[in-house]
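File shown: run-v1.txt. Contents: compact mmCIF, C-alpha atoms.
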```
# COMPACT_ATOMS: atom_id res chain seq x y z
CA MET A 267 -19.10 -15.14 15.59
CA ASN A 268 -17.30 -13.89 18.74
CA LEU A 269 -17.15 -10.30 19.93
CA ASP A 270 -13.68 -9.67 18.46
CA GLU A 271 -14.87 -10.78 15.03
CA ILE A 272 -17.94 -8.56 15.26
CA ALA A 273 -15.74 -5.62 16.25
CA MET A 274 -13.36 -6.20 13.36
CA THR A 275 -16.27 -6.50 10.94
CA ASP A 276 -17.45 -3.11 12.18
CA ILE A 277 -13.94 -1.67 11.78
CA LEU A 278 -13.74 -2.92 8.19
CA GLN A 279 -17.18 -1.59 7.30
CA PHE A 280 -16.27 1.79 8.78
CA ALA A 281 -13.00 1.86 6.80
CA GLU A 282 -14.73 0.88 3.57
CA ALA A 283 -17.38 3.58 3.95
CA LEU A 284 -14.73 6.14 4.84
CA ALA A 285 -12.58 5.20 1.85
CA ARG A 286 -15.57 5.62 -0.45
CA GLU A 287 -16.41 9.01 1.07
CA ALA A 288 -12.83 10.22 0.66
CA GLY A 289 -12.76 8.76 -2.84
CA GLU A 290 -15.81 10.76 -3.85
CA LEU A 291 -14.11 13.87 -2.49
CA ILE A 292 -10.93 13.45 -4.54
CA VAL A 293 -12.89 12.69 -7.71
CA GLN A 294 -14.95 15.86 -7.27
CA GLU A 295 -11.87 17.90 -6.45
CA ARG A 296 -10.23 16.87 -9.69
CA VAL A 297 -13.37 17.40 -11.77
CA GLY A 298 -14.77 20.56 -10.28
CA ALA A 299 -12.00 22.42 -8.53
CA THR A 300 -8.64 23.92 -9.34
CA LEU A 301 -5.92 21.70 -7.93
CA THR A 302 -3.09 23.43 -6.16
CA GLN A 303 0.31 21.78 -6.21
CA GLU A 304 3.09 22.09 -3.66
CA TYR A 305 6.23 20.08 -2.99
CA LYS A 306 7.40 18.54 0.29
CA ASN A 307 11.18 18.41 0.66
CA ASP A 308 11.37 20.12 -2.74
CA ASP A 309 10.49 16.93 -4.64
CA GLU A 310 7.32 15.22 -3.32
CA LEU A 311 4.08 16.48 -4.85
CA VAL A 312 1.12 17.33 -2.61
CA THR A 313 -2.21 18.73 -3.82
CA ASN A 314 -5.00 20.49 -1.96
CA ALA A 315 -7.06 17.32 -2.56
CA ASP A 316 -4.51 15.30 -0.55
CA LEU A 317 -4.94 17.70 2.34
CA LYS A 318 -8.75 17.79 2.15
CA ALA A 319 -9.00 13.99 1.98
CA ASP A 320 -6.55 13.68 4.87
CA ARG A 321 -8.59 16.09 6.97
CA LEU A 322 -11.85 14.27 6.17
CA ILE A 323 -10.44 10.84 7.06
CA CYS A 324 -8.76 11.98 10.26
CA GLU A 325 -11.86 13.87 11.44
CA ARG A 326 -14.13 10.87 10.84
CA ILE A 327 -11.79 8.54 12.74
CA ALA A 328 -11.44 10.99 15.63
CA GLU A 329 -15.24 11.31 15.85
CA GLU A 330 -15.84 7.55 15.82
CA PHE A 331 -12.76 6.39 17.77
CA PRO A 332 -11.47 9.32 19.86
CA THR A 333 -8.88 7.22 21.73
CA HIS A 334 -7.26 5.78 18.59
CA LEU A 335 -3.99 7.10 17.17
CA ILE A 336 -3.64 8.18 13.54
CA LEU A 337 -0.52 7.90 11.41
CA SER A 338 -1.13 9.88 8.23
CA GLU A 339 1.26 10.86 5.45
CA GLU A 340 0.05 14.44 5.31
CA SER A 341 -0.95 15.54 8.82
CA SER A 342 0.72 13.15 11.28
CA PRO A 343 3.61 11.29 9.63
CA ASP A 344 5.50 10.55 12.86
CA ILE A 345 3.81 9.10 15.94
CA GLY A 346 6.79 7.06 17.09
CA ASN A 347 7.63 3.38 16.72
CA ILE A 348 4.36 1.64 15.79
CA GLN A 349 5.34 -1.72 17.23
CA GLU A 350 6.01 -0.16 20.63
CA LEU A 351 2.69 1.69 20.92
CA ASP A 352 0.06 0.07 23.09
CA ALA A 353 -2.88 1.57 21.22
CA ALA A 354 -5.17 1.08 18.26
CA ILE A 355 -3.62 2.86 15.27
CA TRP A 356 -4.97 3.93 11.88
CA ILE A 357 -2.41 4.25 9.06
CA ILE A 358 -3.63 6.56 6.31
CA ASP A 359 -2.57 7.60 2.83
CA PRO A 360 -5.27 10.02 1.59
CA ILE A 361 -4.09 9.74 -2.02
CA ASP A 362 -1.58 7.07 -2.96
CA GLY A 363 -0.45 7.97 -6.45
CA THR A 364 -0.61 11.76 -6.16
CA VAL A 365 1.47 12.37 -9.29
CA ASN A 366 -0.94 10.19 -11.29
CA TYR A 367 -3.87 12.00 -9.71
CA ALA A 368 -2.54 15.47 -10.50
CA HIS A 369 -1.79 14.50 -14.11
CA GLY A 370 -5.22 13.04 -14.83
CA HIS A 371 -4.30 9.36 -14.61
CA ASN A 372 -6.67 7.00 -12.84
CA GLN A 373 -4.14 4.86 -10.94
CA SER A 374 -4.70 6.52 -7.54
CA ALA A 375 -6.25 5.26 -4.33
CA ILE A 376 -7.26 5.89 -0.74
CA SER A 377 -5.39 3.56 1.63
CA ILE A 378 -6.58 2.88 5.20
CA ALA A 379 -5.08 0.28 7.55
CA TYR A 380 -6.03 -0.56 11.13
CA VAL A 381 -3.48 -1.85 13.65
CA GLU A 382 -4.44 -3.50 16.94
CA HIS A 383 -2.47 -5.71 19.35
CA GLY A 384 0.66 -5.04 17.32
CA ASN A 385 -0.70 -6.44 14.04
CA ILE A 386 -2.29 -4.99 10.93
CA GLN A 387 -5.83 -6.28 11.42
CA ALA A 388 -7.78 -4.64 8.59
CA GLY A 389 -6.96 -2.93 5.33
CA VAL A 390 -8.86 -1.09 2.63
CA VAL A 391 -7.55 0.31 -0.67
CA PHE A 392 -10.08 2.10 -2.87
CA ASN A 393 -9.64 3.44 -6.39
CA PRO A 394 -12.62 5.75 -6.93
CA PHE A 395 -11.84 6.19 -10.62
CA THR A 396 -12.40 2.51 -11.35
CA ASP A 397 -14.74 1.79 -8.41
CA GLU A 398 -12.45 -1.01 -7.19
CA LEU A 399 -12.41 -1.52 -3.44
CA PHE A 400 -9.86 -4.02 -2.13
CA SER A 401 -10.26 -5.15 1.47
CA ALA A 402 -9.11 -7.70 4.01
CA THR A 403 -9.17 -8.55 7.68
CA LEU A 404 -6.54 -10.72 9.32
CA GLY A 405 -7.36 -14.40 8.86
CA ALA A 406 -10.50 -13.81 6.78
CA GLY A 407 -9.17 -13.59 3.22
CA ALA A 408 -9.01 -10.73 0.72
CA HIS A 409 -11.75 -9.30 -1.45
CA LEU A 410 -12.36 -7.02 -4.42
CA ASN A 411 -15.78 -5.36 -4.24
CA GLY A 412 -16.88 -8.15 -1.92
CA SER A 413 -15.68 -11.09 -4.06
CA PRO A 414 -12.74 -13.25 -2.91
CA ILE A 415 -9.41 -12.77 -4.68
CA GLN A 416 -6.24 -14.87 -4.89
CA VAL A 417 -2.73 -14.37 -6.19
CA SER A 418 -1.72 -15.75 -9.58
CA LYS A 419 -0.50 -19.29 -10.24
CA VAL A 420 2.42 -18.24 -12.45
CA ALA A 421 5.34 -20.44 -11.42
CA GLN A 422 8.29 -19.30 -13.55
CA LEU A 423 10.00 -15.93 -13.14
CA LYS A 424 10.53 -15.72 -16.90
CA ARG A 425 6.72 -15.74 -17.30
CA ALA A 426 6.07 -13.30 -14.46
CA LEU A 427 4.91 -9.69 -14.64
CA ILE A 428 6.72 -7.71 -11.94
CA GLY A 429 5.75 -4.32 -10.51
CA THR A 430 8.05 -1.73 -8.97
CA GLY A 431 8.41 2.02 -8.49
CA PHE A 432 10.95 4.76 -7.95
CA PRO A 433 11.33 7.45 -5.26
CA TYR A 434 10.98 11.20 -5.65
CA ASP A 435 14.58 11.62 -4.51
CA LYS A 436 16.81 10.47 -7.39
CA THR A 437 20.16 10.81 -5.63
CA ALA A 438 20.46 7.03 -5.09
CA ILE A 439 18.98 5.89 -8.39
CA GLU A 440 21.87 3.76 -9.64
CA PRO A 441 21.19 0.65 -7.47
CA MET A 442 17.55 0.78 -8.55
CA ILE A 443 18.53 0.82 -12.22
CA THR A 444 20.77 -2.18 -11.59
CA ARG A 445 17.83 -4.05 -10.02
CA VAL A 446 15.54 -3.15 -12.91
CA HIS A 447 18.11 -4.45 -15.38
CA ALA A 448 18.42 -7.74 -13.52
CA VAL A 449 14.68 -8.23 -13.04
CA LEU A 450 13.77 -7.24 -16.59
CA SER A 451 16.40 -9.63 -17.93
CA ASP A 452 14.86 -12.55 -16.03
CA CYS A 453 11.11 -11.85 -16.00
CA ALA A 454 8.48 -11.46 -18.70
CA ASP A 455 8.12 -7.70 -18.19
CA ILE A 456 7.99 -4.89 -15.64
CA ARG A 457 5.22 -2.44 -14.81
CA ARG A 458 5.67 0.92 -13.07
CA LEU A 459 2.09 2.11 -12.48
CA GLY A 460 2.58 4.89 -9.96
CA SER A 461 0.60 3.72 -6.92
CA ALA A 462 2.26 1.21 -4.61
CA ALA A 463 -0.98 0.44 -2.79
CA LEU A 464 -2.73 -0.47 -6.04
CA ASP A 465 0.33 -2.32 -7.38
CA ILE A 466 0.26 -4.59 -4.33
CA CYS A 467 -3.50 -5.07 -4.61
CA PHE A 468 -3.05 -5.92 -8.29
CA LEU A 469 -0.62 -8.60 -7.15
CA ALA A 470 -3.25 -9.83 -4.70
CA MET A 471 -5.68 -10.50 -7.53
CA GLY A 472 -3.20 -11.76 -10.13
CA ARG A 473 -2.75 -8.70 -12.33
CA LEU A 474 0.91 -8.78 -11.23
CA ASP A 475 2.94 -11.79 -10.11
CA GLY A 476 5.59 -10.02 -8.02
CA TYR A 477 6.47 -6.61 -6.66
CA TYR A 478 9.47 -4.95 -5.00
CA GLU A 479 10.25 -1.43 -3.80
CA SER A 480 11.24 0.69 -0.80
CA LEU A 481 8.24 2.62 0.48
CA SER A 482 6.73 4.44 3.46
CA ILE A 483 4.48 2.59 5.87
CA TRP A 484 1.32 4.38 4.70
CA ASP A 485 1.99 3.25 1.11
CA PHE A 486 1.75 -0.45 1.88
CA ALA A 487 0.22 -1.13 5.31
CA ALA A 488 -3.29 -1.87 4.02
CA ALA A 489 -2.20 -3.45 0.73
CA GLN A 490 0.30 -5.73 2.50
CA LEU A 491 -2.49 -7.34 4.49
CA ILE A 492 -4.69 -7.64 1.41
CA ALA A 493 -1.91 -9.37 -0.54
CA LYS A 494 -1.01 -11.75 2.29
CA GLU A 495 -4.67 -12.65 2.81
CA ALA A 496 -4.86 -13.37 -0.93
CA GLY A 497 -2.01 -15.88 -0.58
CA ALA A 498 1.07 -13.73 -1.28
CA SER A 499 4.43 -14.14 0.41
CA PHE A 500 5.84 -10.97 1.97
CA GLY A 501 9.36 -10.11 3.06
CA HIS A 502 12.49 -8.08 2.35
CA PHE A 503 15.49 -8.61 0.10
CA SER A 504 17.86 -6.95 2.57
CA PRO A 505 18.20 -7.67 6.31
CA VAL A 506 15.49 -6.31 8.58
CA PRO A 507 17.08 -4.32 11.43
CA GLU A 508 17.29 -6.21 14.72
CA GLY A 509 14.20 -5.70 16.84
CA MET A 510 12.14 -4.34 13.94
CA ASP A 511 8.79 -5.97 13.22
CA PRO A 512 8.99 -6.96 9.51
CA GLN A 513 5.36 -6.01 8.83
CA PHE A 514 6.25 -2.35 9.55
CA TYR A 515 9.69 -2.26 7.92
CA ASP A 516 9.42 -0.23 4.74
CA GLN A 517 12.75 -0.76 2.97
CA ASP A 518 13.50 -3.30 0.21
CA ILE A 519 10.06 -4.89 0.30
CA ILE A 520 9.28 -7.93 -1.83
CA ILE A 521 5.83 -9.44 -2.32
CA ALA A 522 4.93 -12.20 -4.76
CA ASN A 523 2.90 -15.31 -5.25
CA PRO A 524 4.49 -18.24 -3.36
CA ALA A 525 6.04 -19.78 -6.47
CA ILE A 526 7.64 -16.59 -7.76
CA TYR A 527 8.72 -15.25 -4.36
CA PRO A 528 11.88 -17.35 -3.79
CA GLN A 529 13.02 -16.80 -7.39
CA LEU A 530 12.57 -13.03 -7.24
CA LEU A 531 14.11 -12.89 -3.77
CA ALA A 532 17.21 -14.81 -4.90
CA LEU A 533 17.59 -12.54 -7.93
CA LEU A 534 17.33 -9.33 -5.91
CA GLN A 535 19.68 -10.62 -3.21
CA ALA A 536 22.21 -11.62 -5.85
CA VAL A 537 22.13 -8.08 -7.22
CA GLU A 538 22.71 -6.65 -3.75
CA THR A 539 25.78 -8.81 -3.16
CA SER A 540 27.29 -8.55 -6.65
```
Can you turn what I pasted into structure tokens?
Amino acid sequence: MNLDEIAMTDILQFAEALAREAGELIVQERVGATLTQEYKNDDELVTNADLKADRLICERIAEEFPTHLILSEESSPDIGNIQELDAAIWIIDPIDGTVNYAHGHNQSAISIAYVEHGNIQAGVVFNPFTDELFSATLGAGAHLNGSPIQVSKVAQLKRALIGTGFPYDKTAIEPMITRVHAVLSDCADIRRLGSAALDICFLAMGRLDGYYESLSIWDFAAAQLIAKEAGASFGHFSPVPEGMDPQFYDQDIIIANPAIYPQLLALLQAVETS
């Protein structure tokens, strides 16, 4: 094992331990404390647990890696263009699936990704309510609680289970409804589970066969790597802006097993041009 591999192993172990620590915090906050609820931009729910978990994660990273940058949904959502930054970067979502979390559902997770040399190198997604920890490092495969995972072998879109989601802002909902109609007409069924990070990890282990949605980078940075390391194909069903690194582009994302991917991509692109 070379020094880079040792370093990345240490990074992953740190991220896993941190995700578990933050996971314990949000479980205890929901069980033993009174959750406060506020809304960003008048429509996006944020709880005091989001803020406490964000603070915990950012403080731990700053203590361990003081020169690293942190991109976090709650405390530092804008650090500039990631692909142009010559620095190690952590991309954090302290609670992905906040609405689920606040309503007592268990489909919520801590998401932590690590970017170095312009690539997502490590990713961890942890659901503390089910004790499922998904993880991956670039080129080393994906794992669930330490065991290797792979995408499904479903080869026909009509047999595929497809995941998606919807934004807080409903002003542009009509195109999304059109996509849902087209996908539901051609696939076995659709799931809308409320946590993009977990949806993508579910795809990585075969609980879903395909997934599409527009997101924010902290929603999918870690899960994207986990899915790709599990054998998934990743891309976009609309053009990626010129000069934009696709791994960081958050609009019109599509992820699926290699057999389903071209079928789902063609369907979504046909909807966009119809």
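In this model, the gap between atom CA of Asp362 of chain A and atom CA of Ile520 of chain A comes to 18.6 Å.
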Which is closer to Lys318 of chain A than all the others in A:Gly389, A:Pro360, A:Gly412, A:Gly298, using only C-alpha atoms?
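Using only C-alpha atoms, the shortest distance to Lys318 of chain A belongs to A:Pro360.
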Please list as a ChimeraX atom specification every residue within 8 Å of Leu491 of chain A, counting all atoms listed in the file and excluding residues in the same chain fewer than 2 positions away.
/A:386-389,402-404,487-489,493-495
Residues within 9 Å of Asp518 of chain A, please, as a list in words. Count all atoms listed in the file; anything in the same chain fewer than 5 positions from it doesn't count.
Tyr478, Glu479, Ser480, Leu481, Gly501, His502, Phe503, Ser504 and Pro505 of chain A
Dig up all the protein and nucleic acid residues within 7 Å of (-5.1, 6.5, 3.4) in the file frame, using all atoms listed in the file, and format them as a PyMOL selection string.
chain A and resi 357-361+376-378+484
Expected answer as a short mmCIF file (atom, residue, chain, number, x, y, z; two decimals) with C-alpha atoms, keeping the file's coordinate frame: all residues with atoms within 9 Å of (-3.5, -10.5, -3.1), only C-alpha atoms:
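Generated file (result.cif):
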```cif
data_model
loop_
_atom_site.label_atom_id
_atom_site.label_comp_id
_atom_site.auth_asym_id
_atom_site.auth_seq_id
_atom_site.Cartn_x
_atom_site.Cartn_y
_atom_site.Cartn_z
CA ALA A 408 -9.01 -10.73 0.72
CA HIS A 409 -11.75 -9.30 -1.45
CA ILE A 415 -9.41 -12.77 -4.68
CA GLN A 416 -6.24 -14.87 -4.89
CA VAL A 417 -2.73 -14.37 -6.19
CA SER A 418 -1.72 -15.75 -9.58
CA ILE A 466 0.26 -4.59 -4.33
CA CYS A 467 -3.50 -5.07 -4.61
CA PHE A 468 -3.05 -5.92 -8.29
CA LEU A 469 -0.62 -8.60 -7.15
CA ALA A 470 -3.25 -9.83 -4.70
CA MET A 471 -5.68 -10.50 -7.53
CA GLY A 472 -3.20 -11.76 -10.13
CA ALA A 489 -2.20 -3.45 0.73
CA GLN A 490 0.30 -5.73 2.50
CA LEU A 491 -2.49 -7.34 4.49
CA ILE A 492 -4.69 -7.64 1.41
CA ALA A 493 -1.91 -9.37 -0.54
CA LYS A 494 -1.01 -11.75 2.29
CA GLU A 495 -4.67 -12.65 2.81
CA ALA A 496 -4.86 -13.37 -0.93
CA GLY A 497 -2.01 -15.88 -0.58
CA ALA A 498 1.07 -13.73 -1.28
CA ALA A 522 4.93 -12.20 -4.76
CA ASN A 523 2.90 -15.31 -5.25
#
```
Pick from A:Gln535, A:Gln529, A:Gln349, A:Thr444, whichever lies nearest to Ala426 of chain A using only C-alpha atoms
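Under the stated criterion, the closest residue is A:Gln529.
Taking atom CA of Thr396 of chain A as the reference point, atom CA of Ala379 of chain A is found at 20.4 Å.
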Give the answer as one residue: which of A:Leu311, A:Val446, A:Ile483, A:Leu291 has the shortest atom-to-atom distance to Leu337 of chain A, using only C-alpha atoms?
A:Ile483
Between atom CA of Asn372 of chain A and atom CA of Leu399 of chain A, what is the spacing in Å?
13.9 Å
Applying 10 Å and only C-alpha atoms, which residues near Ala288 of chain A remain after dropping the ones on its own chain fewer than 5 positions away? List them as number ranges by chain.
A: 282-283, 293-294, 315-316, 318-323, 360-361, 375-376, 392, 394
Step by step, gather every atom of segment 469-474 of chain A that the file lists, find the box along x, y and z that holds them, add 4 Å on each side, and finally give centre and edge lengths in Å to one decimal, as AutoDock Vina command-line options.
```
--center_x -2.4 --center_y -10.2 --center_z -8.5 --size_x 14.6 --size_y 11.2 --size_z 15.6
```
Surrounding residues of Leu450 of chain A excluding itself and chain neighbours under 3 positions, 12 Å, all atoms listed in the file, as a list of chain:residue names:
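Selected residues are A:Leu423, A:Lys424, A:Arg425, A:Ala426, A:Leu427, A:Ile428, A:Gly429, A:Thr430, A:Met442, A:Ile443, A:Thr444, A:Arg445, A:Val446, A:His447, A:Cys453, A:Ala454, A:Asp455, A:Ile456, A:Arg457, A:Leu530, A:Leu533, A:Leu534.
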